[in-house]
file final10.tsv (TSV, C-alpha atoms)
chain	number	residue	atom	x	y	z
K	229	MET	CA	-30.19	-2.90	1.55
K	230	SER	CA	-28.33	-1.28	4.43
K	231	GLU	CA	-26.01	-4.27	4.62
K	232	ASN	CA	-25.28	-3.98	0.90
K	233	ARG	CA	-24.59	-0.29	1.24
K	234	ALA	CA	-22.30	-0.84	4.20
K	235	GLN	CA	-20.42	-3.52	2.31
K	236	GLN	CA	-20.12	-1.19	-0.71
K	237	ASP	CA	-18.64	1.44	1.59
K	238	ARG	CA	-16.09	-1.03	2.91
K	239	ASP	CA	-15.22	-2.35	-0.56
K	240	ALA	CA	-14.83	1.16	-1.95
K	241	PHE	CA	-12.67	2.07	1.00
K	242	GLU	CA	-10.37	-0.90	0.61
K	243	ASP	CA	-9.74	-0.23	-3.07
K	244	GLY	CA	-9.89	3.52	-2.82
K	245	LEU	CA	-7.90	6.68	-2.98
K	246	VAL	CA	-6.34	6.33	-6.39
K	247	GLU	CA	-5.70	2.72	-5.52
K	248	ALA	CA	-2.90	4.00	-3.34
K	249	MET	CA	-2.45	6.50	-0.58
K	250	LYS	CA	-5.28	8.62	-1.72
K	251	GLN	CA	-4.28	3.40	0.93
K	252	ALA	CA	-2.64	1.68	2.68
K	253	GLY	CA	-2.46	-1.63	3.33
K	254	GLU	CA	-4.45	-4.34	4.53
K	255	GLY	CA	-5.68	-1.92	7.15
K	256	PHE	CA	-8.72	0.13	6.22
K	257	SER	CA	-11.48	2.14	7.78
K	258	PRO	CA	-15.03	1.74	6.45
K	259	ALA	CA	-15.33	5.52	6.16
K	260	GLY	CA	-13.87	5.51	2.68
K	261	ARG	CA	-10.39	6.74	3.53
K	262	PRO	CA	-7.30	4.51	3.71
K	263	LEU	CA	-4.97	4.14	6.62
K	264	VAL	CA	-1.54	5.73	6.56
K	265	ASP	CA	-0.20	2.37	5.57
K	266	GLY	CA	-2.39	1.75	2.66
K	267	GLY	CA	-0.25	3.48	0.09
K	268	VAL	CA	2.83	1.88	1.34
K	269	VAL	CA	2.01	-1.76	1.50
K	270	ARG	CA	-1.29	-2.32	-0.26
K	271	GLY	CA	-2.05	1.07	-1.72
K	272	ARG	CA	1.15	1.72	-3.56
K	273	ARG	CA	1.15	-1.78	-4.97
K	274	ARG	CA	-2.39	-1.28	-6.24
K	275	ARG	CA	-1.36	2.06	-7.77
K	276	VAL	CA	1.74	0.66	-9.38
K	277	MET	CA	1.00	-2.98	-10.03
K	278	ARG	CA	-2.63	-2.75	-11.00
K	279	ARG	CA	-1.68	0.16	-13.20
K	280	GLY	CA	0.71	-2.14	-14.96
K	281	ALA	CA	3.39	-3.76	-12.83
K	282	MET	CA	2.13	-7.24	-13.46
K	283	VAL	CA	1.17	-6.30	-16.96
K	284	SER	CA	2.26	-4.17	-19.81
K	285	GLY	CA	1.09	-2.51	-22.95
K	286	SER	CA	2.75	-1.55	-26.19
K	287	VAL	CA	5.10	1.34	-26.84
K	288	ALA	CA	6.02	1.90	-30.44
K	289	ALA	CA	9.56	1.73	-31.76
K	290	LEU	CA	11.39	0.71	-28.62
K	291	ALA	CA	14.88	-0.41	-29.47
K	292	LEU	CA	15.86	-2.67	-26.63
K	293	ILE	CA	18.24	-5.10	-25.32
K	294	GLY	CA	18.43	-8.74	-25.97
K	295	LEU	CA	20.77	-9.53	-23.15
K	296	GLY	CA	22.92	-12.61	-23.38
K	297	GLY	CA	25.64	-13.28	-20.83
K	298	SER	CA	25.82	-9.96	-18.99
K	299	TYR	CA	26.36	-8.14	-15.73
K	300	VAL	CA	23.92	-6.07	-13.76
K	301	THR	CA	26.05	-3.05	-12.93
K	302	GLY	CA	23.61	-0.97	-10.94
K	303	GLY	CA	23.59	1.89	-13.41
K	304	ILE	CA	20.32	3.62	-12.53
K	305	GLY	CA	20.69	5.34	-9.20
K	306	ALA	CA	24.15	3.88	-8.67
K	307	SER	CA	26.27	5.74	-6.17
K	308	LYS	CA	29.88	6.46	-7.05
K	309	ASP	CA	31.25	4.05	-4.50
K	310	ASP	CA	28.91	1.18	-5.36
K	311	GLY	CA	30.87	-1.50	-7.16
K	312	ASN	CA	28.35	-4.23	-6.58
K	313	LYS	CA	28.12	-6.44	-9.67
K	314	VAL	CA	26.08	-9.61	-9.93
K	315	ALA	CA	26.88	-12.14	-12.62
K	316	VAL	CA	24.01	-13.86	-14.33
K	317	GLY	CA	23.91	-16.96	-16.47
K	318	THR	CA	23.74	-16.95	-20.25
K	319	ARG	CA	20.21	-16.29	-21.45
K	320	THR	CA	18.28	-16.88	-24.61
K	321	LYS	CA	17.21	-13.61	-26.18
K	322	ALA	CA	13.56	-12.71	-25.93
K	323	SER	CA	11.43	-13.22	-28.99
K	324	GLY	CA	11.03	-10.25	-31.26
K	325	GLY	CA	8.05	-7.94	-31.26
K	326	SER	CA	7.15	-4.30	-30.96
K	327	SER	CA	5.37	-4.37	-27.60
K	328	ALA	CA	6.97	-2.91	-24.52
K	329	LYS	CA	5.97	-6.04	-22.66
K	330	ASN	CA	8.16	-8.19	-24.88
K	331	LYS	CA	11.04	-5.80	-24.47
K	332	VAL	CA	10.70	-5.64	-20.71
K	333	PHE	CA	10.43	-9.42	-20.66
K	334	GLY	CA	13.64	-9.64	-22.69
K	335	ALA	CA	15.46	-7.36	-20.30
K	336	LEU	CA	14.12	-9.22	-17.28
K	337	GLN	CA	15.13	-12.53	-18.81
K	338	GLY	CA	18.66	-11.27	-19.27
K	339	LEU	CA	18.97	-9.89	-15.76
K	340	LEU	CA	17.56	-12.74	-13.72
K	341	PRO	CA	19.64	-15.70	-12.57
K	342	GLU	CA	19.38	-18.81	-14.72
K	343	ALA	CA	15.87	-20.23	-14.56
K	344	LYS	CA	12.85	-21.06	-16.68
K	345	LEU	CA	10.61	-18.06	-17.22
K	346	THR	CA	6.98	-18.29	-18.28
K	347	GLU	CA	5.51	-15.03	-19.52
K	348	GLN	CA	2.14	-13.95	-18.12
K	349	GLY	CA	-0.80	-12.14	-19.69
K	350	ASP	CA	-1.49	-8.46	-20.34
K	351	GLY	CA	-3.90	-6.09	-18.62
K	352	GLY	CA	-3.96	-2.99	-16.51
K	353	SER	CA	-6.05	0.12	-16.03
K	354	VAL	CA	-3.56	2.78	-17.14
K	355	PRO	CA	-3.15	3.49	-20.88
K	356	PRO	CA	-0.32	1.23	-22.06
K	357	GLU	CA	1.62	4.09	-23.62
K	358	LYS	CA	2.25	5.54	-20.16
K	359	ARG	CA	4.08	2.57	-18.65
K	360	ALA	CA	5.76	-0.70	-19.45
K	361	GLY	CA	5.95	-3.92	-17.51
K	362	ALA	CA	6.04	-7.67	-17.53
K	363	SER	CA	5.10	-10.51	-15.22
K	364	VAL	CA	6.65	-13.96	-15.24
K	365	VAL	CA	6.61	-17.23	-13.38
K	366	TYR	CA	10.20	-17.90	-12.37
K	367	ASP	CA	11.25	-21.54	-11.92
K	368	ASP	CA	14.81	-22.30	-10.76
K	369	GLY	CA	14.00	-25.84	-9.70
K	370	HIS	CA	13.31	-24.86	-6.08
K	371	GLY	CA	9.68	-23.88	-6.54
K	372	LYS	CA	7.84	-21.55	-8.89
K	373	ALA	CA	7.62	-17.87	-8.01
K	374	ALA	CA	5.84	-14.87	-9.50
K	375	VAL	CA	8.11	-11.96	-10.46
K	376	SER	CA	6.84	-8.67	-11.85
K	377	VAL	CA	8.49	-5.48	-13.05
K	378	ASN	CA	6.91	-2.11	-13.68
K	379	LEU	CA	8.51	0.91	-15.39
K	380	GLU	CA	7.04	4.40	-15.30
K	381	ARG	CA	8.06	8.00	-15.82
K	382	GLN	CA	7.10	10.67	-13.33
K	383	TYR	CA	7.70	14.37	-13.56
K	384	PRO	CA	11.36	15.03	-12.62
K	385	GLY	CA	11.77	16.31	-9.09
K	386	GLN	CA	8.13	15.64	-8.19
K	387	GLU	CA	7.77	14.86	-4.51
K	388	PRO	CA	6.22	11.45	-3.76
K	389	GLN	CA	2.67	11.42	-2.50
K	390	GLU	CA	2.04	10.97	1.18
K	391	GLY	CA	2.94	7.44	2.17
K	392	ASP	CA	4.83	6.75	-1.08
K	393	MET	CA	8.50	5.70	-1.18
K	394	VAL	CA	8.51	5.16	2.59
K	395	CYS	CA	8.22	2.16	4.89
K	396	PRO	CA	4.91	1.11	6.41
K	397	ASP	CA	3.82	1.97	9.91
K	398	LYS	CA	4.28	-1.18	11.99
K	399	ASN	CA	1.26	-0.22	14.09
K	400	LEU	CA	-0.86	-0.64	10.99
K	401	THR	CA	0.63	-3.67	9.32
K	402	GLN	CA	3.10	-6.46	9.93
K	403	PHE	CA	6.22	-6.89	7.84
K	404	GLU	CA	9.58	-8.57	8.23
K	405	SER	CA	11.90	-5.72	7.26
K	406	CYS	CA	11.92	-2.47	5.34
K	407	SER	CA	14.39	0.30	4.50
K	408	ALA	CA	13.78	3.60	2.71
K	409	THR	CA	17.01	5.40	1.81
K	410	SER	CA	18.30	8.20	-0.36
K	411	LEU	CA	21.19	7.29	-2.64
K	412	ASP	CA	24.15	9.53	-3.44
K	413	ASP	CA	22.64	10.65	-6.77
K	414	GLY	CA	19.35	11.69	-5.13
K	415	SER	CA	17.39	8.56	-5.98
K	416	ARG	CA	14.99	7.13	-3.42
K	417	LEU	CA	15.09	3.38	-2.79
K	418	VAL	CA	12.68	1.23	-0.79
K	419	LEU	CA	13.47	-2.42	0.00
K	420	PHE	CA	10.65	-4.39	1.58
K	421	LYS	CA	10.03	-7.88	2.95
K	422	GLY	CA	6.51	-8.69	4.04
K	423	TRP	CA	3.47	-10.79	3.31
K	424	GLU	CA	0.76	-10.65	0.70
K	425	TYR	CA	-1.69	-10.59	3.60
K	426	PRO	CA	-0.23	-8.63	6.54
K	427	ASP	CA	-2.54	-10.50	8.92
K	428	ARG	CA	-0.67	-13.66	7.86
K	429	ARG	CA	-3.85	-15.58	7.07
K	430	GLU	CA	-1.79	-17.10	4.26
K	431	GLU	CA	1.99	-17.50	4.20
K	432	THR	CA	2.47	-15.94	0.78
K	433	LYS	CA	5.49	-13.66	1.11
K	434	TRP	CA	5.78	-10.43	-0.88
K	435	TRP	CA	9.16	-8.74	-1.37
K	436	TYR	CA	10.00	-5.74	-3.53
K	437	ALA	CA	12.49	-3.08	-4.51
K	438	ASP	CA	11.19	0.32	-5.60
K	439	LEU	CA	13.47	3.00	-7.10
K	440	LEU	CA	12.62	6.59	-8.03
K	441	THR	CA	15.38	8.62	-9.68
K	442	PRO	CA	15.75	12.42	-9.88
K	443	GLU	CA	14.92	12.11	-13.58
K	444	GLY	CA	11.54	10.68	-12.64
K	445	TYR	CA	12.28	7.08	-13.64
K	446	ARG	CA	10.36	4.64	-11.44
K	447	ILE	CA	11.48	1.02	-11.47
K	448	SER	CA	9.59	-1.46	-9.29
K	449	VAL	CA	10.32	-5.19	-9.03
K	450	TYR	CA	8.04	-7.47	-6.99
K	451	GLU	CA	8.28	-11.15	-6.15
K	452	TRP	CA	6.33	-13.81	-4.25
K	453	ASN	CA	7.08	-17.30	-2.98
K	454	ALA	CA	4.15	-18.63	-4.99
K	455	PRO	CA	3.38	-18.81	-8.73
K	456	ALA	CA	0.92	-15.92	-8.40
K	457	GLU	CA	0.27	-12.94	-6.19
K	458	LYS	CA	-2.95	-14.50	-4.91
K	459	GLY	CA	-4.87	-17.69	-5.38
K	460	GLU	CA	-1.92	-20.09	-5.57
K	461	PRO	CA	-0.39	-22.14	-2.75
K	462	VAL	CA	3.07	-21.32	-1.47
K	463	SER	CA	5.66	-23.21	-3.52
K	464	ARG	CA	8.88	-22.29	-1.71
K	465	SER	CA	9.91	-20.91	1.69
K	466	THR	CA	10.92	-17.48	0.37
K	467	PRO	CA	10.85	-15.57	-2.91
K	468	PRO	CA	13.85	-16.40	-5.10
K	469	LEU	CA	15.71	-13.08	-5.14
K	470	SER	CA	17.44	-11.55	-2.13
K	471	LEU	CA	16.98	-7.86	-1.35
K	472	ASP	CA	20.52	-7.23	-2.58
K	473	ARG	CA	19.62	-8.87	-5.88
K	474	LEU	CA	16.42	-6.85	-6.12
K	475	LYS	CA	18.37	-3.66	-5.40
K	476	THR	CA	20.82	-4.45	-8.15
K	477	LEU	CA	17.99	-5.36	-10.51
K	478	VAL	CA	16.10	-2.06	-10.15
K	479	ARG	CA	19.34	-0.09	-10.63
K	480	SER	CA	20.34	-1.77	-13.87
K	481	ASP	CA	20.94	0.31	-17.01
K	482	ALA	CA	18.97	-2.31	-18.94
K	483	TRP	CA	15.70	-0.48	-18.20
K	484	LEU	CA	16.85	2.87	-19.60
K	485	PRO	CA	15.91	2.28	-23.27
K	486	VAL	CA	12.36	1.41	-22.24
K	487	LEU	CA	12.05	4.29	-19.80
K	488	ARG	CA	13.39	6.82	-22.28
K	489	ALA	CA	10.94	5.62	-24.92
K	490	LEU	CA	7.96	6.29	-22.66
K	491	PRO	CA	6.25	9.65	-23.25
K	492	GLU	CA	7.42	12.51	-21.11
K	493	PRO	CA	5.09	12.87	-18.13
K	494	ASP	CA	2.76	15.81	-17.81
K	495	GLU	CA	3.73	18.55	-15.43
K	496	PRO	CA	1.97	17.85	-12.13
K	497	PRO	CA	-0.92	20.15	-11.29
K	498	GLN	CA	-0.28	22.89	-8.79
K	499	ALA	CA	-0.67	21.56	-5.29
K	500	GLN	CA	-4.01	22.35	-3.71
K	501	PRO	CA	-4.47	23.01	0.00
K	502	PRO	CA	-5.52	19.84	1.83
K	503	GLN	CA	-9.25	19.46	2.29
K	504	GLY	CA	-10.77	18.41	5.58
K	505	MET	CA	-9.38	18.45	9.10
K	506	SER	CA	-5.67	17.86	9.42
K	507	GLY	CA	-4.41	14.60	10.85
K	508	ASP	CA	-2.61	16.54	13.58
K	509	LYS	CA	-5.86	18.17	14.72
K	510	ILE	CA	-7.75	14.89	14.64
K	511	LEU	CA	-5.05	13.19	16.68
K	512	SER	CA	-5.06	15.99	19.24
K	513	LYS	CA	-8.86	16.04	19.55
K	514	LEU	CA	-9.08	12.26	19.81
K	515	THR	CA	-6.40	12.07	22.50
K	516	ALA	CA	-8.08	14.79	24.56
K	517	GLN	CA	-11.33	12.80	24.71
K	518	LEU	CA	-9.90	9.50	25.94
K	519	PRO	CA	-11.12	8.20	29.30
K	520	GLY	CA	-8.60	8.80	32.05
K	521	ARG	CA	-7.91	5.10	32.54
K	522	LEU	CA	-6.22	4.86	29.13
K	523	SER	CA	-2.60	5.70	28.35
K	524	VAL	CA	-1.35	6.30	24.81
K	525	LYS	CA	1.40	3.93	23.66
K	526	ALA	CA	1.62	4.89	19.98
K	527	SER	CA	-0.08	7.14	17.43
K	528	GLY	CA	-0.16	7.96	13.75
K	529	LYS	CA	-2.04	10.02	11.18
K	530	GLN	CA	-2.55	10.97	7.57
K	531	GLU	CA	-2.17	14.51	6.31
K	532	THR	CA	-5.93	14.93	6.59
K	533	GLU	CA	-9.04	13.05	7.74
K	534	TYR	CA	-7.45	10.12	9.59
K	535	ALA	CA	-5.56	9.29	12.79
K	536	TYR	CA	-5.04	6.36	15.11
K	537	LEU	CA	-3.93	5.60	18.66
K	538	VAL	CA	-2.68	2.50	20.44
K	539	VAL	CA	-3.95	2.68	24.02
K	540	ASP	CA	-3.62	0.55	27.14
K	541	ASP	CA	-5.59	0.34	30.39
K	542	GLY	CA	-3.34	-2.25	32.00
K	543	ARG	CA	-5.22	-5.17	30.44
K	544	GLY	CA	-3.54	-5.13	27.04
K	545	ARG	CA	-3.16	-2.79	24.10
K	546	SER	CA	-6.03	-1.70	21.91
K	547	PHE	CA	-5.95	-0.07	18.47
K	548	VAL	CA	-8.30	2.90	17.94
K	549	GLN	CA	-8.77	4.65	14.60
K	550	ILE	CA	-10.92	7.57	13.47
K	551	ASN	CA	-11.93	9.14	10.15
K	552	VAL	CA	-13.37	12.66	9.96
K	553	GLN	CA	-14.74	13.48	6.51
K	554	PRO	CA	-16.75	16.51	5.35
K	555	GLY	CA	-19.18	16.59	2.45
K	556	MET	CA	-20.83	13.21	2.97
K	557	GLU	CA	-24.47	12.23	2.49
K	558	ALA	CA	-26.96	11.33	5.20
K	559	SER	CA	-27.64	8.08	3.36
K	560	ASP	CA	-24.03	7.02	3.98
K	561	VAL	CA	-25.22	5.98	7.43
K	562	SER	CA	-28.40	3.98	6.92
K	563	GLY	CA	-30.14	0.81	8.01
K	564	ALA	CA	-32.58	-0.48	10.56
K	565	ASP	CA	-30.13	0.00	13.41
K	566	VAL	CA	-29.62	3.73	12.77
K	567	LYS	CA	-30.80	6.16	15.40
K	568	VAL	CA	-31.25	9.89	14.85
K	569	LEU	CA	-30.19	12.29	17.58
K	570	ALA	CA	-31.96	15.52	18.47
K	571	ASP	CA	-29.62	17.57	16.29
K	572	GLY	CA	-30.24	15.31	13.28
K	573	THR	CA	-27.03	13.30	13.54
K	574	ARG	CA	-27.46	9.74	12.29
K	575	VAL	CA	-25.65	7.08	14.35
K	576	SER	CA	-24.97	3.43	13.53
K	577	THR	CA	-23.08	0.98	15.75
K	578	ARG	CA	-21.46	-2.37	15.07
K	579	GLN	CA	-19.65	-5.04	17.07
K	580	GLY	CA	-18.18	-8.18	15.59
K	581	PRO	CA	-15.13	-9.93	14.17
K	582	GLY	CA	-12.38	-7.77	12.73
K	583	GLU	CA	-12.57	-8.25	8.98
K	584	LYS	CA	-8.82	-7.91	8.37
K	585	GLY	CA	-7.41	-8.78	11.75
K	586	GLY	CA	-5.56	-11.75	13.16
K	587	ALA	CA	-6.83	-14.54	15.38
K	588	GLY	CA	-9.56	-13.58	17.83
K	589	VAL	CA	-9.77	-9.93	16.78
K	590	VAL	CA	-13.07	-8.14	17.35
K	591	VAL	CA	-14.00	-4.56	16.61
K	592	SER	CA	-16.46	-2.05	18.04
K	593	GLU	CA	-17.43	0.73	15.64
K	594	VAL	CA	-19.59	3.84	15.64
K	595	ASP	CA	-20.44	5.54	12.34
K	596	THR	CA	-22.06	8.99	12.37
K	597	VAL	CA	-23.06	11.64	9.86
K	598	ARG	CA	-24.35	15.09	10.78
K	599	PRO	CA	-26.94	17.12	8.87
K	600	ASP	CA	-24.14	19.26	7.38
K	601	GLY	CA	-22.47	16.14	5.92
K	602	LEU	CA	-19.66	15.73	8.46
K	603	ARG	CA	-19.03	12.02	8.90
K	604	VAL	CA	-17.08	10.67	11.87
K	605	VAL	CA	-16.30	6.96	12.10
K	606	ILE	CA	-14.38	5.58	15.07
K	607	SER	CA	-13.35	1.97	15.63
K	608	ALA	CA	-11.64	0.17	18.50
K	609	PHE	CA	-10.00	-3.27	18.31
K	610	ASN	CA	-8.96	-5.77	20.94
K	611	SER	CA	-5.50	-5.91	19.36
K	612	ALA	CA	-2.51	-3.60	19.14
K	613	SER	CA	-2.93	-3.24	15.36
K	614	GLN	CA	-5.41	-4.30	12.73
K	615	SER	CA	-3.20	-7.09	11.47
K	616	GLU	CA	-2.13	-8.68	14.78
K	617	ALA	CA	-3.86	-11.29	16.90
K	618	ALA	CA	-6.02	-10.28	19.86
K	619	THR	CA	-4.18	-8.89	22.89
K	620	ARG	CA	-7.20	-8.61	25.19
K	621	GLU	CA	-10.77	-9.88	25.53
K	622	ALA	CA	-12.52	-6.74	24.28
K	623	PRO	CA	-11.56	-3.32	22.86
K	624	ALA	CA	-10.42	-0.77	25.43
K	625	LEU	CA	-13.34	1.58	24.61
K	626	THR	CA	-17.00	0.66	24.92
K	627	LEU	CA	-19.58	1.47	22.27
K	628	ALA	CA	-20.99	4.20	24.50
K	629	GLU	CA	-17.55	5.80	24.84
K	630	LEU	CA	-16.95	5.57	21.11
K	631	GLU	CA	-20.32	7.18	20.40
K	632	LYS	CA	-19.56	10.00	22.82
K	633	ILE	CA	-16.32	10.73	20.98
K	634	ALA	CA	-17.86	10.46	17.49
K	635	THR	CA	-20.75	12.80	18.31
K	636	SER	CA	-18.66	15.35	20.21
K	637	GLU	CA	-18.87	18.97	19.10
K	638	VAL	CA	-15.07	19.14	18.91
K	639	TRP	CA	-15.28	17.89	15.33
K	640	LEU	CA	-17.37	20.87	14.23
K	641	SER	CA	-14.37	23.21	14.03
K	642	ASN	CA	-10.89	22.89	12.61

call {"tool": "encode", "arguments": {"input": "final10.tsv", "output": "structure tokens"}}
result
Amino acid sequence: MSENRAQQDRDAFEDGLVEAMKQAGEGFSPAGRPLVDGGVVRGRRRRVMRRGAMVSGSVAALALIGLGGSYVTGGIGASKDDGNKVAVGTRTKASGGSSAKNKVFGALQGLLPEAKLTEQGDGGSVPPEKRAGASVVYDDGHGKAAVSVNLERQYPGQEPQEGDMVCPDKNLTQFESCSATSLDDGSRLVLFKGWEYPDRREETKWWYADLLTPEGYRISVYEWNAPAEKGEPVSRSTPPLSLDRLKTLVRSDAWLPVLRALPEPDEPPQAQPPQGMSGDKILSKLTAQLPGRLSVKASGKQETEYAYLVVDDGRGRSFVQINVQPGMEASDVSGADVKVLADGTRVSTRQGPGEKGGAGVVVSEVDTVRPDGLRVVISAFNSASQSEAATREAPALTLAELEKIATSEVWLSN
């Protein structure tokens, strides 16, 4: 039972926080809160793609584009001095129909270089009237590749959530390249090259371009070097579209009729003060408790509840992460291995293979919850990040040292 509960905690954590940053990335903590990276690499994709990027629903009365021979002119978010134009081959117009998916497919078909496109199925967890998208298998004769587009409207001028429209933290995940820039018209553009699995356990590459305009138009295009995001073998060395091509694709005027037909977004709720201890405080408190033999090589944090350090004792770097969450239940830390301290704090320890790490990675972890519901989970890895291979024989902190940090009274006050 305790093992099932622990696994449920980990599963909820990995999918959690609005399937985005409320995520990050292939790196997670079992405390139920994503890493900084999660919303950037894994989290944002779950928020965008699983809300509809690989899928699409219907939007009534969309008058769209059947693009024949055309040019992608970079209309959305185009800067005044950007004359980049990419010619595409003559296309067959998409079949008729009232669904947004068909219309997005038609636009995508007109914008992509000459190739055979196979349309994919529908789905998604967000009501279809709030977004539009399409997913295709792209075959140019050099190997099939999955390509997906997602179109959404956000409230104009709304600031991105923490970890959104930025590049990942390389201490939390591996990627080949990434840039996050502001264009002359105020649009935000992210161009990313990485892997479906940042720990590289499979060589499926994942590239994308993500554009957010001042008007609140969000255009995201994703591609893989395999016929599907997951579950299919690699079919080519790289995805078919270069980052320059992806950039031009997301900035095309072809998406405007679909975007304008989407309902206007609701005004965002008034921002609420962050709950829980700030990431800055957690980072400061964690650093102050390190054994003297360790030096800090890198650090990072979320706005609240999470922070990490990369430490070294001269024998290799070690990744250490901590979650501090109020309002939890005593049953969140349960099982035969749980001990109860004099003050009622429940403590569980674990040592074993790193679930998301590279070759040879092991993790030591201490999970605690106090009678008032404050849960502190701290983990140490024998690698410099969760997604890299082992850099040393064991984590730089022992279980006893981790438990001392997790049960310290410093976490009782902000």

call {"tool": "atom_distance", "arguments": {"input": "final10.tsv", "atom1": "CA of Glu621 (chain K)", "atom2": "CA of Ala587 (chain K)"}}
result
11.8 Å

call {"tool": "closest_atom_pairs", "arguments": {"input": "final10.tsv", "of": "region 561-639 of chain K", "to": "region 400-410 of chain K", "cutoff": "10 Å", "atoms": "only C-alpha atoms", "output": "tab-separated table"}}
result
residue	atom	partner	partner_atom	distance
K:Gly585	CA	K:Thr401	CA	9.8
K:Ala612	CA	K:Leu400	CA	8.8
K:Ser613	CA	K:Leu400	CA	5.5
K:Gln614	CA	K:Leu400	CA	6.1
K:Ser615	CA	K:Thr401	CA	5.6
K:Glu616	CA	K:Gln402	CA	7.5

call {"tool": "residues_around", "arguments": {"input": "final10.tsv", "residues": "region 558-568 of chain K", "least_positions_apart": "5", "cutoff": "7 Å", "atoms": "only C-alpha atoms", "output": "ChimeraX atom specification"}}
result
/K:230,573-576,595-597,599,601

call {"tool": "residues_around", "arguments": {"input": "final10.tsv", "residues": "Val364 (chain K)", "least_positions_apart": "4", "cutoff": "7 Å", "atoms": "all atoms listed in the file", "output": "PyMOL selection string"}}
result
chain K and resi 345-348+374-376

call {"tool": "closest_residue", "arguments": {"input": "final10.tsv", "among": "K:Val552, K:Leu379, K:Val365, K:Leu471", "to": "Ile510 (chain K)", "atoms": "only C-alpha atoms"}}
result
K:Val552

call {"tool": "closest_residue", "arguments": {"input": "final10.tsv", "among": "K:Ser607, K:Gln389, K:Asp600, K:Phe547", "to": "Gly572 (chain K)", "atoms": "all atoms listed in the file"}}
result
K:Asp600
